[in-house]
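**Student:** If you scroll down you'll find the structure; I have some questions about it.
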Amino acid sequence: MSAKAKFAVVLSGCGVYDGSEIHEAVLTLLAIDRAGGAYQCFAPDVPQMHVINHVVGTPGAESRNVLVESARIARGAILPLADYKPADFDILAFPGGFGAAKNLCTFAVDGPDCTVNPDAEKAIRSTHAAKKPIVALCIAPALVAKVLGKIDVTIGNDAGTAKAIAAMGGNPLERTYGEVCVDNANKIVTSPCYMLNSTIGQIADGAAAAVAAALKLL
């Protein structure tokens, strides 16, 4: 890599049940840095679907903004996803967490019939059209499959989610801890992460493998 590869990392809130999975997000940023890359975080400037109390796992009555919550992970260094331009970056990356399936799209509620946040859809379509790699971890491959259709992805080995991805036109392939699925033709890199009962070390392995695979596609 003669110059630092620039990653746009799209967050979806802060917390596994209603936003970005924090381990996946932070370990993706760490993997990028350790691979010699640079990153800029983005998030859509929209309300969360709901706010979950992470102690008890139930929703509360409050409302939070996806961009504001994502800024917690990005230490304030974040931009609205509407500002993303693929010409400014080499790779687009989506950590997982329920926010990817609740705030970036409605897959968690609507399955294959889900709708996609317009800024997220534009980011995916424009990056794909520019023939630049897209990384998606955990449940985020469902988002990418909804937008792009016929692509190879992995969400581990969950049969129900795999069936839903197939219904959206995707080709779900089984992968295990720390492994990646690479669709070379479409430049899509996916890894199961917390779709499996993983340790934090295995999440780090998956994030590092996904970042390395994406860099090879440049």
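Labels used: A, B, ... for chains in the order of the structure tokens, numbers from 1 for residues in each chain, and numbers from 1 for ligands as shown.
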Could you pull out all residues of region 12-194 of chain A with a DSSP call of alpha helix (DSSP H) and give them as a PyMOL selection string?
**Tutor:** chain A and resi 22-34+66-73+98-102+107-110+118-129+140-148+159-167
**Student:** Please return as an MDAnalysis selection string: the residues of region 7-135 of chain A that backbone DSSP assigns to strand (DSSP E).
**Tutor:** chainID A and resid 7:10 38:43 52:53 58:59 78:80 91:94 134:135
**Student:** List every residue of region 33-72 of chain A that has an atom at most 12 Å from any atom of region 193-207 of chain A, giving for each one its closest atom pair and the distance in Å to one decimal, counting only C-alpha atoms, sorted by chain and then by ascending residue number, as JSON lines.
**Tutor:**
{"residue": "A:Asp33", "atom": "CA", "partner": "A:Ala207", "partner_atom": "CA", "distance": 11.6}
{"residue": "A:Arg34", "atom": "CA", "partner": "A:Ala207", "partner_atom": "CA", "distance": 11.2}
{"residue": "A:Ala35", "atom": "CA", "partner": "A:Ala207", "partner_atom": "CA", "distance": 11.1}
**Student:** Determine, counting only C-alpha atoms, which protein, DNA and RNA residues have an atom within 9 Å of an atom of Asn65 (chain A); residues of the same chain fewer than 5 positions away are not included. Present the result as a VMD selection string.
**Tutor:** chain A and resid 13 44 to 48 70
**Student:** Could the residues in this selection be saved with N, CA and C atoms as a PDB file, in the first residue's frame?
**Tutor:**
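In the end it all went to part37.pdb:
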ATOM      1  N   GLY A  13     -25.499   4.024  15.536  1.00  0.00           N
ATOM      2  CA  GLY A  13     -25.882   4.247  16.918  1.00  0.00           C
ATOM      3  C   GLY A  13     -24.792   3.739  17.837  1.00  0.00           C
ATOM      4  N   PRO A  44     -26.145   8.170   9.663  1.00  0.00           N
ATOM      5  CA  PRO A  44     -27.289   8.955   9.208  1.00  0.00           C
ATOM      6  C   PRO A  44     -27.819   9.851  10.323  1.00  0.00           C
ATOM      7  N   ASP A  45     -28.237  11.044   9.968  1.00  0.00           N
ATOM      8  CA  ASP A  45     -28.777  12.006  10.927  1.00  0.00           C
ATOM      9  C   ASP A  45     -30.289  11.800  11.020  1.00  0.00           C
ATOM     10  N   VAL A  46     -30.676  10.708  11.706  1.00  0.00           N
ATOM     11  CA  VAL A  46     -32.083  10.317  11.821  1.00  0.00           C
ATOM     12  C   VAL A  46     -32.342   9.795  13.235  1.00  0.00           C
ATOM     13  N   PRO A  47     -33.606   9.758  13.664  1.00  0.00           N
ATOM     14  CA  PRO A  47     -33.907   9.147  14.953  1.00  0.00           C
ATOM     15  C   PRO A  47     -33.685   7.640  14.911  1.00  0.00           C
ATOM     16  N   GLN A  48     -33.270   7.073  16.062  1.00  0.00           N
ATOM     17  CA  GLN A  48     -33.214   5.620  16.172  1.00  0.00           C
ATOM     18  C   GLN A  48     -34.622   5.039  16.096  1.00  0.00           C
ATOM     19  N   SER A  70     -23.814   7.723  17.580  1.00  0.00           N
ATOM     20  CA  SER A  70     -22.620   7.178  16.928  1.00  0.00           C
ATOM     21  C   SER A  70     -21.386   7.998  17.241  1.00  0.00           C
TER      22      SER A  70
END
**Student:** Please identify all polymer residues within 12 Å of Val182 (chain A), counting only C-alpha atoms, omitting same-chain residues fewer than 6 positions from it, and present them as an MDAnalysis selection string.
**Tutor:** chainID A and resid 133:136 141 151:154 171:175 188:191 209:217
**Student:** Between CA of Asp83 (chain A) and CA of Ala130 (chain A), measure the distance and give it in Å to one decimal.
**Tutor:**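 Straight-line distance from CA of Asp83 (chain A) to CA of Ala130 (chain A) works out to 16.5 Å.
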**Student:** Quick one: contact table of region 63-138 of chain A to region 4-12 of chain A, 12 Å max, nearest atom pair and distance in Å to one decimal per residue, counting only C-alpha atoms, chain and number order, as a Markdown table?
**Tutor:**
| residue | atom | partner | partner_atom | distance |
| --- | --- | --- | --- | --- |
| A:Arg64 | CA | A:Ser12 | CA | 11.5 |
| A:Asn65 | CA | A:Ser12 | CA | 9.6 |
| A:Val66 | CA | A:Ser12 | CA | 5.8 |
| A:Leu67 | CA | A:Ser12 | CA | 7.5 |
| A:Val68 | CA | A:Ser12 | CA | 9.9 |
| A:Glu69 | CA | A:Ser12 | CA | 8.2 |
| A:Ser70 | CA | A:Leu11 | CA | 5.9 |
| A:Ala71 | CA | A:Leu11 | CA | 8.8 |
| A:Arg72 | CA | A:Leu11 | CA | 10.4 |
| A:Ile73 | CA | A:Leu11 | CA | 8.6 |
| A:Ala74 | CA | A:Leu11 | CA | 8.8 |
| A:Ala77 | CA | A:Val9 | CA | 11.5 |
| A:Ile78 | CA | A:Leu11 | CA | 9.3 |
| A:Leu79 | CA | A:Val10 | CA | 9.6 |
| A:Pro80 | CA | A:Val10 | CA | 9.6 |
| A:Leu81 | CA | A:Val10 | CA | 7.4 |
| A:Ala82 | CA | A:Val10 | CA | 11.1 |
| A:Asp83 | CA | A:Ala8 | CA | 11.0 |
| A:Tyr84 | CA | A:Ala8 | CA | 7.9 |
| A:Lys85 | CA | A:Ala8 | CA | 9.3 |
| A:Pro86 | CA | A:Ala8 | CA | 8.6 |
| A:Ala87 | CA | A:Lys6 | CA | 10.4 |
| A:Asp88 | CA | A:Lys6 | CA | 7.9 |
| A:Phe89 | CA | A:Lys6 | CA | 5.0 |
| A:Asp90 | CA | A:Lys6 | CA | 5.2 |
| A:Ile91 | CA | A:Phe7 | CA | 4.8 |
| A:Leu92 | CA | A:Ala8 | CA | 4.8 |
| A:Ala93 | CA | A:Val9 | CA | 4.7 |
| A:Phe94 | CA | A:Val10 | CA | 5.2 |
| A:Pro95 | CA | A:Leu11 | CA | 6.8 |
| A:Gly96 | CA | A:Ser12 | CA | 8.4 |
| A:Gly97 | CA | A:Ser12 | CA | 8.0 |
| A:Phe98 | CA | A:Ser12 | CA | 8.4 |
| A:Gly99 | CA | A:Ser12 | CA | 4.9 |
| A:Ala100 | CA | A:Ser12 | CA | 5.8 |
| A:Ala101 | CA | A:Ser12 | CA | 9.0 |
| A:Lys102 | CA | A:Ser12 | CA | 8.5 |
| A:Asn103 | CA | A:Ser12 | CA | 6.2 |
| A:Leu104 | CA | A:Ser12 | CA | 6.5 |
| A:Cys105 | CA | A:Ser12 | CA | 9.9 |
| A:Asn117 | CA | A:Ser12 | CA | 10.8 |
| A:Asp119 | CA | A:Val10 | CA | 10.5 |
| A:Ala120 | CA | A:Val10 | CA | 8.4 |
| A:Glu121 | CA | A:Val10 | CA | 11.7 |
| A:Ala123 | CA | A:Val10 | CA | 9.4 |
| A:Ile124 | CA | A:Val10 | CA | 10.5 |
| A:Thr127 | CA | A:Ala8 | CA | 10.4 |
| A:Lys132 | CA | A:Phe7 | CA | 10.6 |
| A:Pro133 | CA | A:Phe7 | CA | 9.7 |
| A:Ile134 | CA | A:Phe7 | CA | 9.6 |
| A:Val135 | CA | A:Val9 | CA | 9.1 |
| A:Ala136 | CA | A:Val10 | CA | 9.8 |
| A:Leu137 | CA | A:Val10 | CA | 11.3 |
**Student:** Rounded to one decimal in Å, what is the spacing between CA of His128 (chain A) and CA of Thr161 (chain A)?
**Tutor:**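 A separation of 23.1 Å between them.
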**Student:** Using only C-alpha atoms, pick whichever of A:Gly37, A:Pro112, A:Pro118, A:Gly156 has the shortest atom-to-atom distance to Gly170 (chain A).
**Tutor:**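 Comparing A:Gly37, A:Pro112, A:Pro118, A:Gly156 against Gly170 (chain A), the winner is A:Pro112.
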**Student:** Counting only C-alpha atoms, which of A:Ala208, A:Ala166, A:Cys181, A:Cys114 gets nearest to Leu29 (chain A)?
**Tutor:**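 Nearest to Leu29 (chain A): A:Ala208.
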**Student:** Please indicate the distance in Å from CA of Ile155 (chain A) to CA of Thr176 (chain A), rounded to one decimal place.
**Tutor:** 9.0 Å
**Student:** Which residue out of A:Val147, A:Asp158, A:Met49, A:Lys122 has the minimum interatomic distance to Ala108 (chain A) when only C-alpha atoms are used?
**Tutor:** A:Met49
**Student:** Could you list, as a list in words, every residue within 8 Å of Gly169 (chain A), counting only C-alpha atoms and ignoring same-chain residues fewer than 3 positions away?
**Tutor:**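 Here the answer would be Ala145, Lys146, Gly149, Lys150, Ile151, Ile165 and Ala166 of chain A.
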**Student:** Please, could you write that set of residues out with N, CA and C atoms as a PDB file, in the first residue's frame?
**Tutor:**
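Contents of part.pdb, as written:
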ATOM      1  N   ALA A 145     -27.074  -6.861   0.994  1.00  0.00           N
ATOM      2  CA  ALA A 145     -27.793  -7.755   0.094  1.00  0.00           C
ATOM      3  C   ALA A 145     -29.127  -7.156  -0.334  1.00  0.00           C
ATOM      4  N   LYS A 146     -29.795  -6.458   0.574  1.00  0.00           N
ATOM      5  CA  LYS A 146     -31.064  -5.823   0.215  1.00  0.00           C
ATOM      6  C   LYS A 146     -30.859  -4.791  -0.880  1.00  0.00           C
ATOM      7  N   GLY A 149     -28.635  -7.042  -4.019  1.00  0.00           N
ATOM      8  CA  GLY A 149     -29.246  -8.262  -4.543  1.00  0.00           C
ATOM      9  C   GLY A 149     -28.276  -9.417  -4.657  1.00  0.00           C
ATOM     10  N   LYS A 150     -27.914  -9.787  -5.868  1.00  0.00           N
ATOM     11  CA  LYS A 150     -27.175 -11.023  -6.119  1.00  0.00           C
ATOM     12  C   LYS A 150     -25.698 -10.879  -5.777  1.00  0.00           C
ATOM     13  N   ILE A 151     -25.381 -11.074  -4.491  1.00  0.00           N
ATOM     14  CA  ILE A 151     -24.000 -11.029  -4.027  1.00  0.00           C
ATOM     15  C   ILE A 151     -23.765 -12.185  -3.061  1.00  0.00           C
ATOM     16  N   ILE A 165     -31.913 -13.578   3.501  1.00  0.00           N
ATOM     17  CA  ILE A 165     -30.959 -12.998   2.550  1.00  0.00           C
ATOM     18  C   ILE A 165     -31.159 -13.595   1.169  1.00  0.00           C
ATOM     19  N   ALA A 166     -31.388 -14.900   1.096  1.00  0.00           N
ATOM     20  CA  ALA A 166     -31.653 -15.545  -0.188  1.00  0.00           C
ATOM     21  C   ALA A 166     -32.918 -14.985  -0.827  1.00  0.00           C
TER      22      ALA A 166
END
